[in-house]
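Data block below; observations after.
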Amino acid sequence: MKAAVIEAPGQVTVATVPDPTPGPRDVVVEVAACGLCGTDLHILQGEFAPTLPVVPGHEFAGEVVGLGSEVTELALGDRVAVDPSLYCNECRYCRAGRNNLCARWQAIGVTVAGGAAEYAVAPVANCVRLPEHVEVQDAALIEPLSCAVRGYDVLNSRLGAHVLIYGSGTMGLMMLELAKRTGAASVDVVDLNPERLATAEKLGCSQAAGNADELGRAQGWDVVVDATGNAAAIQDGLERVAKAGTFLQFGVSDYATTATISPYRIYNQEITITGSMAVLHSYERAAELFATGVLDPQVFISHRLPLTQYPQALDQFAAGQGRKIVVVP
C-alpha cells in the first residue's frame with residue numbers, strides 16, 4: 001500500500017509499505033481522510049516519536065475492511081473514526097484515570113503506524129461507529145475536536161466568562177466554537193494571520209485583532225487560551241489573565257520554548273496556569289458533538305489533497321496556509 005513515511009528528522013516521503021495485519025482485537029481501516037496537525041510537524045523535527053521511521057497521521061476515519069479473529073463489535077463495511085490514544089492501563093496514571101499521562105503513552109500515527117496511508121490498523125476499542133449522516137471524509141475532524149473537548153474539561157469554566165484565544169487555526173477555532181457553547185459572555189481572538197482572523201469573525205467571535213491591545217479590555221480576561229504554541233503569544237497571554245483567571249496552555253510548543261511568569265502576581269491575584277494534553281475520556285463525546293453539527297466541515301477543512309502530495313501538504317501547513325488540511329488516499 002501507499003503511505004507517507006517520516007524517515008528521519010526533516011525527511012518525509014510517500015512510499016510503498018507492507019499492508020497492515022490486524023491482531024486479534026484489531027481492525028483494518030481503509031482510510032477515507034487523514035488530517036494534518038502540529039504534532040506531525042514536531043514528529044518531522046524528531047520530537048515526540050521515540051523511533052523513526054514512522055507512518056504519521058493520528059486524525060483519521062474510514063471504513064472497516066479487515067477484522068481480527070476476536071472482534072465482534074464491528075463488521076466489515078462499518079464507517080468509523082479512530083481515537084489514536086494507546087495506553088498501558090497499568091501505570092499509576094492510568095490506574096488513577098489519567099490515561100493521557102500514561103507512563104508508557106503511545107499513539108497511532110505518533111509512535112506506531114498511522115492514518116497517512118491507504119490502510120491503518122487500530123484496536124477495536126478505539127473505533128467509534130459513525131452515524132449515516134456524517135460524511136466519513138469529514139470525520140477526521142473528530143480527533144482534534146476531542147482534544148478541544150478535553151481542554152474545556154480542564155478549564156471547568158464558569159458561565160459568563162470573558163475568553164481570549166490566541167490563534168485562529170483549526171484548534172483555536174474549535175476552542176472558539178466550544179466557548180460559545182459553554183456560556184462565555186465574550187470570546188475574543190488574536191492572530192497575526194488576517195485570513196484566519198476573518199474565519200474567526202465568520203464563526204461569530206466577539207472581537208478579532210492582530211494584537212490584544214486593540215481589544216480594549218484593560219482588566220484582562222477570565223480565561224486565556226494559547227492555541228499557538230508560540231513563545232511570544234504565550235508570554236503575551238500570560239499577562240492578559242484577569243484576577244482569579246485561568247491561563248490554558250493548549251497549543252503544542254517546541255521542547256525549547258520558555259516563558260516567564262511572575263510568582264507574586266500568580267499568588268496575589270490567584271491566577272491558575274494549567275495545560276491540556278491530548279485526549280482523555282473525550283473522544284466519544286466529540287464524535288457525538290460532531291454528529292450534531294457543532295462544526296461546519298466546509299469552514300474548518302480548507303484543503304483536501306491526495307496522499308501522494310503529503311510532503312507538500314506538510315509544507316503548506318507549516319507555512320500557515322489554510323485551516324485544516326486533510327489528505328485523501
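Just remember, in the C-alpha cells the first chain shown is A, the second B, etc., residues are 1-based per chain, and ligands are 1-based in the order shown.
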Problem set entry | Non-local contacts of Leu197 in chain A (8 Å; only C-alpha atoms; under 5 positions in same chain excluded) as a ChimeraX atom specification | /A:168,189-192,208-209
Would you save the residues from that selection as a JSON list (two decimals), in the first residue's frame, using N, CA, C and O atoms?
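Generated output (selection-v7.json):
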[["chain", "number", "residue", "atom", "x", "y", "z"],
["A", 168, "SER", "N", -6.07, 31.40, 15.48],
["A", 168, "SER", "CA", -7.34, 31.05, 14.84],
["A", 168, "SER", "C", -7.12, 30.04, 13.73],
["A", 168, "SER", "O", -7.75, 30.09, 12.68],
["A", 189, "VAL", "N", -10.47, 36.84, 19.82],
["A", 189, "VAL", "CA", -9.44, 36.05, 19.15],
["A", 189, "VAL", "C", -8.32, 36.96, 18.67],
["A", 189, "VAL", "O", -8.58, 38.02, 18.08],
["A", 190, "VAL", "N", -7.08, 36.53, 18.90],
["A", 190, "VAL", "CA", -5.89, 37.25, 18.43],
["A", 190, "VAL", "C", -5.12, 36.34, 17.48],
["A", 190, "VAL", "O", -4.89, 35.17, 17.78],
["A", 191, "ASP", "N", -4.74, 36.89, 16.34],
["A", 191, "ASP", "CA", -3.92, 36.14, 15.37],
["A", 191, "ASP", "C", -3.25, 37.14, 14.45],
["A", 191, "ASP", "O", -3.79, 38.23, 14.20],
["A", 192, "LEU", "N", -2.07, 36.79, 13.96],
["A", 192, "LEU", "CA", -1.36, 37.65, 13.01],
["A", 192, "LEU", "C", -1.76, 37.38, 11.57],
["A", 192, "LEU", "O", -1.37, 38.12, 10.67],
["A", 208, "ALA", "N", -11.94, 40.39, 16.93],
["A", 208, "ALA", "CA", -10.76, 39.75, 16.35],
["A", 208, "ALA", "C", -9.73, 40.83, 16.08],
["A", 208, "ALA", "O", -10.07, 41.92, 15.59],
["A", 209, "ALA", "N", -8.47, 40.56, 16.41],
["A", 209, "ALA", "CA", -7.42, 41.57, 16.25],
["A", 209, "ALA", "C", -6.07, 40.91, 16.10],
["A", 209, "ALA", "O", -5.88, 39.75, 16.45]]
Exercise. Which residues come within 12 Å of range 155-157 of chain A, counting only C-alpha atoms, excluding same-chain residues fewer than 3 positions away, as a VMD selection string?
Worked result: chain A and resid 148 to 152 160 to 163 175 178 to 185 222 to 225 244 to 250 272 to 276
Saved selection, atoms kept: N, CA and C atoms, as a compact mmCIF listing (two decimals), in the first residue's frame:
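Result written to result_19.txt:
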# COMPACT_ATOMS: atom_id res chain seq x y z
N ALA A 148 -9.99 19.48 21.93
CA ALA A 148 -10.60 20.71 22.39
C ALA A 148 -11.60 20.44 23.51
N VAL A 149 -12.35 19.35 23.41
CA VAL A 149 -13.27 18.97 24.48
C VAL A 149 -12.50 18.72 25.77
N ARG A 150 -11.37 18.05 25.66
CA ARG A 150 -10.51 17.82 26.83
C ARG A 150 -10.05 19.16 27.42
N GLY A 151 -9.70 20.11 26.55
CA GLY A 151 -9.29 21.42 27.02
C GLY A 151 -10.36 22.09 27.86
N TYR A 152 -11.61 21.98 27.43
CA TYR A 152 -12.69 22.59 28.20
C TYR A 152 -13.02 21.80 29.45
N GLY A 160 -20.65 32.94 31.79
CA GLY A 160 -20.41 34.37 31.75
C GLY A 160 -18.96 34.77 31.74
N ALA A 161 -18.05 33.85 31.46
CA ALA A 161 -16.62 34.18 31.43
C ALA A 161 -16.28 34.95 30.16
N HIS A 162 -15.29 35.83 30.28
CA HIS A 162 -14.73 36.52 29.12
C HIS A 162 -13.48 35.76 28.70
N VAL A 163 -13.45 35.33 27.45
CA VAL A 163 -12.43 34.40 26.96
C VAL A 163 -11.60 35.06 25.87
N MET A 175 -11.77 25.82 19.77
CA MET A 175 -11.94 26.36 21.12
C MET A 175 -12.96 27.49 21.11
N LEU A 178 -16.46 25.91 21.00
CA LEU A 178 -16.84 25.35 22.29
C LEU A 178 -17.09 26.44 23.33
N ALA A 179 -16.30 27.51 23.28
CA ALA A 179 -16.51 28.62 24.22
C ALA A 179 -17.90 29.22 24.04
N LYS A 180 -18.32 29.36 22.78
CA LYS A 180 -19.64 29.90 22.50
C LYS A 180 -20.74 29.02 23.10
N ARG A 181 -20.45 27.72 23.17
CA ARG A 181 -21.47 26.76 23.63
C ARG A 181 -21.37 26.44 25.12
N THR A 182 -20.38 27.01 25.79
CA THR A 182 -20.25 26.75 27.23
C THR A 182 -20.51 28.02 28.04
N GLY A 183 -21.28 28.91 27.46
CA GLY A 183 -21.77 30.05 28.22
C GLY A 183 -20.84 31.22 28.37
N ALA A 184 -19.87 31.39 27.48
CA ALA A 184 -18.97 32.54 27.57
C ALA A 184 -19.75 33.83 27.30
N ALA A 185 -19.42 34.88 28.06
CA ALA A 185 -20.01 36.19 27.81
C ALA A 185 -19.43 36.84 26.57
N ASP A 222 -11.06 36.46 31.86
CA ASP A 222 -11.21 35.41 32.86
C ASP A 222 -10.51 34.12 32.43
N VAL A 223 -10.54 33.86 31.12
CA VAL A 223 -9.89 32.67 30.57
C VAL A 223 -9.06 33.09 29.37
N VAL A 224 -7.79 32.73 29.38
CA VAL A 224 -6.90 32.98 28.24
C VAL A 224 -6.39 31.63 27.76
N VAL A 225 -6.57 31.37 26.48
CA VAL A 225 -6.18 30.08 25.88
C VAL A 225 -5.12 30.33 24.82
N ALA A 244 -8.03 36.15 39.45
CA ALA A 244 -8.78 34.91 39.64
C ALA A 244 -9.04 34.18 38.32
N GLY A 245 -8.30 34.56 37.28
CA GLY A 245 -8.49 33.96 35.97
C GLY A 245 -7.62 32.74 35.76
N THR A 246 -7.77 32.14 34.55
CA THR A 246 -7.06 30.91 34.21
C THR A 246 -6.38 31.06 32.87
N PHE A 247 -5.15 30.60 32.80
CA PHE A 247 -4.41 30.52 31.53
C PHE A 247 -4.28 29.05 31.16
N LEU A 248 -4.75 28.69 29.97
CA LEU A 248 -4.65 27.30 29.49
C LEU A 248 -3.63 27.21 28.38
N GLN A 249 -2.58 26.41 28.61
CA GLN A 249 -1.62 26.11 27.55
C GLN A 249 -2.17 24.94 26.75
N PHE A 250 -2.76 25.25 25.61
CA PHE A 250 -3.41 24.26 24.77
C PHE A 250 -2.57 23.95 23.53
N THR A 272 -4.57 30.87 37.89
CA THR A 272 -4.32 29.46 37.63
C THR A 272 -3.66 29.31 36.26
N ILE A 273 -2.58 28.55 36.20
CA ILE A 273 -1.92 28.21 34.93
C ILE A 273 -1.99 26.70 34.79
N THR A 274 -2.55 26.24 33.70
CA THR A 274 -2.74 24.80 33.54
C THR A 274 -2.51 24.40 32.08
N GLY A 275 -2.51 23.10 31.84
CA GLY A 275 -2.31 22.58 30.49
C GLY A 275 -3.34 21.53 30.16
N SER A 276 -3.40 21.17 28.90
CA SER A 276 -4.32 20.14 28.43
C SER A 276 -3.58 19.26 27.44
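Distance check against Glu59 in chain A using only C-alpha atoms: of A:Ser206, A:Gln219, A:Asn100, A:Gln137, the minimum falls on A:Gln137.
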Problem set entry | Surrounding residues of range 4-17 of chain A excluding itself and chain neighbours under 5 positions, 8 Å, only C-alpha atoms, as a ChimeraX atom specification | /A:43-46,52-56,116-117,307-308,310-311
For this session: Skip Cys37 in chain A itself and residues of its chain fewer than 6 positions away, then list as a list of chain:residue names all residues within 9 Å of it, counting only C-alpha atoms.
Result: A:Gly57, A:His58, A:Glu59, A:Pro144, A:Thr170, A:Leu314, A:Phe317, A:Lys324, A:Ile325
For this session: Mind the document's chain letters and residue numbers, and return as a PyMOL selection string the residues of range 25-261 of chain A that DSSP labels strand (DSSP E).
Result: chain A and resi 26-35+59-67+79-82+85-86+106-107+119-123+127-129+162-166+186-190+207-209+221-226+241-249
Problem set entry | DSSP alpha helix (DSSP H) residues within range 217-321 of chain A, as a VMD selection string | chain A and resid 231 to 238 263 to 268 283 to 291 297 to 300 310 to 318
Using N, CA and C atoms, can you export the residues from the last selection as a CSV table (one decimal), in the first residue's frame?
chain,number,residue,atom,x,y,z
A,231,ALA,N,6.0,31.2,21.5
A,231,ALA,CA,6.6,31.8,22.7
A,231,ALA,C,6.0,33.2,22.9
A,232,ALA,N,6.0,34.0,21.9
A,232,ALA,CA,5.6,35.4,22.0
A,232,ALA,C,4.1,35.5,22.4
A,233,ALA,N,3.3,34.6,21.8
A,233,ALA,CA,1.9,34.6,22.1
A,233,ALA,C,1.6,34.1,23.5
A,234,ILE,N,2.4,33.1,23.9
A,234,ILE,CA,2.2,32.6,25.3
A,234,ILE,C,2.6,33.7,26.3
A,235,GLN,N,3.7,34.3,26.1
A,235,GLN,CA,4.2,35.4,27.0
A,235,GLN,C,3.1,36.5,27.1
A,236,ASP,N,2.6,36.9,26.0
A,236,ASP,CA,1.6,38.0,26.0
A,236,ASP,C,0.4,37.5,26.7
A,237,GLY,N,-0.1,36.3,26.4
A,237,GLY,CA,-1.3,35.8,27.0
A,237,GLY,C,-1.2,35.7,28.5
A,238,LEU,N,-0.1,35.3,29.0
A,238,LEU,CA,0.1,35.2,30.5
A,238,LEU,C,-0.1,36.6,31.2
A,263,PRO,N,5.7,35.0,39.9
A,263,PRO,CA,5.2,34.3,41.1
A,263,PRO,C,4.3,35.1,42.0
A,264,TYR,N,4.7,36.3,42.3
A,264,TYR,CA,4.0,37.2,43.2
A,264,TYR,C,2.6,37.4,42.6
A,265,ARG,N,2.5,37.8,41.3
A,265,ARG,CA,1.2,38.0,40.7
A,265,ARG,C,0.3,36.8,40.7
A,266,ILE,N,0.9,35.7,40.5
A,266,ILE,CA,0.1,34.4,40.5
A,266,ILE,C,-0.5,34.2,41.9
A,267,TYR,N,0.4,34.4,42.9
A,267,TYR,CA,-0.1,34.3,44.3
A,267,TYR,C,-1.1,35.4,44.6
A,268,ASN,N,-0.8,36.6,44.4
A,268,ASN,CA,-1.6,37.8,44.8
A,268,ASN,C,-2.9,37.8,44.1
A,283,TYR,N,-13.2,11.5,23.4
A,283,TYR,CA,-13.3,11.2,22.0
A,283,TYR,C,-14.8,10.9,21.6
A,284,GLU,N,-15.4,10.0,22.4
A,284,GLU,CA,-16.8,9.7,22.1
A,284,GLU,C,-17.7,10.9,22.2
A,285,ARG,N,-17.5,11.8,23.2
A,285,ARG,CA,-18.3,13.0,23.3
A,285,ARG,C,-18.1,13.9,22.1
A,286,ALA,N,-16.8,14.0,21.7
A,286,ALA,CA,-16.5,14.8,20.5
A,286,ALA,C,-17.2,14.2,19.2
A,287,ALA,N,-17.3,12.9,19.1
A,287,ALA,CA,-18.0,12.3,18.0
A,287,ALA,C,-19.5,12.6,18.0
A,288,GLU,N,-20.0,12.6,19.2
A,288,GLU,CA,-21.5,12.9,19.4
A,288,GLU,C,-21.7,14.4,19.1
A,289,LEU,N,-20.8,15.3,19.5
A,289,LEU,CA,-21.0,16.7,19.2
A,289,LEU,C,-20.8,16.9,17.7
A,290,PHE,N,-19.9,16.2,17.1
A,290,PHE,CA,-19.7,16.4,15.7
A,290,PHE,C,-20.9,16.0,14.9
A,291,ALA,N,-21.5,14.9,15.3
A,291,ALA,CA,-22.8,14.4,14.7
A,291,ALA,C,-23.9,15.4,14.8
A,297,PRO,N,-17.8,21.4,8.6
A,297,PRO,CA,-16.6,20.9,7.9
A,297,PRO,C,-16.2,21.8,6.7
A,298,GLN,N,-17.1,22.4,6.1
A,298,GLN,CA,-16.8,23.3,4.9
A,298,GLN,C,-16.0,24.5,5.3
A,299,VAL,N,-16.2,24.9,6.6
A,299,VAL,CA,-15.4,26.0,7.1
A,299,VAL,C,-14.1,25.6,7.6
A,300,PHE,N,-14.1,24.4,8.3
A,300,PHE,CA,-12.9,24.0,9.0
A,300,PHE,C,-11.9,23.4,8.0
A,310,TYR,N,1.5,14.4,0.3
A,310,TYR,CA,1.7,14.6,1.7
A,310,TYR,C,2.9,15.5,2.1
A,311,PRO,N,4.1,15.4,1.5
A,311,PRO,CA,5.2,16.3,1.8
A,311,PRO,C,4.8,17.7,1.5
A,312,GLN,N,4.2,18.0,0.4
A,312,GLN,CA,3.8,19.3,0.0
A,312,GLN,C,2.7,19.9,1.0
A,313,ALA,N,1.8,19.0,1.4
A,313,ALA,CA,0.8,19.3,2.4
A,313,ALA,C,1.4,19.8,3.7
A,314,LEU,N,2.4,19.0,4.1
A,314,LEU,CA,3.1,19.4,5.4
A,314,LEU,C,3.8,20.8,5.2
A,315,ASP,N,4.4,21.1,4.1
A,315,ASP,CA,5.0,22.4,3.8
A,315,ASP,C,3.9,23.5,3.9
A,316,GLN,N,2.8,23.2,3.3
A,316,GLN,CA,1.7,24.2,3.3
A,316,GLN,C,1.2,24.5,4.7
A,317,PHE,N,1.1,23.4,5.4
A,317,PHE,CA,0.6,23.5,6.8
A,317,PHE,C,1.6,24.3,7.6
A,318,ALA,N,2.9,24.0,7.5
A,318,ALA,CA,3.9,24.7,8.3
A,318,ALA,C,4.0,26.2,7.9
For this session: Could you check which of A:Thr292, A:Gln269, A:Asn99, A:Asn193 is closest to Gly167 in chain A, using only C-alpha atoms?
Result: A:Asn193
Exercise. When distances are computed from only C-alpha atoms, which of A:Asp254, A:Glu143, A:Asp226, A:Asp26 shows the smallest separation from Tyr166 in chain A?
Worked result: A:Asp226
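Nearest to Gln321 in chain A of all the residues A:Gly169, A:Gly210, A:Gly204, A:Gly68 is A:Gly169, counting only C-alpha atoms.
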Seminar exercise, completed: Between A:Leu215, A:Cys147, A:Leu36, A:Cys102, smallest distance to Gly322 in chain A by only C-alpha atoms belongs to A:Leu36
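The nearest approach to Leu203 in chain A among the residues A:Glu177, A:Asp78, A:Asp40, A:Asp19, with only C-alpha atoms taken into account, belongs to A:Glu177.
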Seminar exercise, completed: Expressed in Å, the length from CA of Phe48 in chain A to CA of Val110 in chain A is 7.1 Å
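The space between CA of Val154 in chain A and CA of Leu280 in chain A spans 10.2 Å.
CA of Cys34 in chain A to CA of Ala3 in chain A spans 11.3 Å [interatomic distance, one decimal].
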List the spatial neighbours of Arg92 in chain A as a PDB file with C-alpha atoms, in the first residue's frame - criterion: any atom at most 10 Å away, only C-alpha atoms, same-chain residues fewer than 4 positions off excluded.
ATOM      1  CA  ALA A  96      -5.829   6.963  38.556  1.00  0.00           C
ATOM      2  CA  GLY A  97      -7.903   7.627  35.437  1.00  0.00           C
ATOM      3  CA  ARG A  98      -5.304   9.987  33.913  1.00  0.00           C
ATOM      4  CA  ASN A  99      -4.553   7.792  30.916  1.00  0.00           C
ATOM      5  CA  LEU A 101      -0.432  10.995  31.117  1.00  0.00           C
ATOM      6  CA  CYS A 102       0.362   7.278  30.796  1.00  0.00           C
ATOM      7  CA  ALA A 103       3.974   6.466  31.676  1.00  0.00           C
TER       8      ALA A 103
END
Problem set entry | For Ala139 in chain A: contacts at 12 Å, only C-alpha atoms, fewer than 5 positions along chain excluded, given as a PyMOL selection string | chain A and resi 31-35+59-63+79-83+127-134+144-146+283+286-291+293+295-297+300-301+326
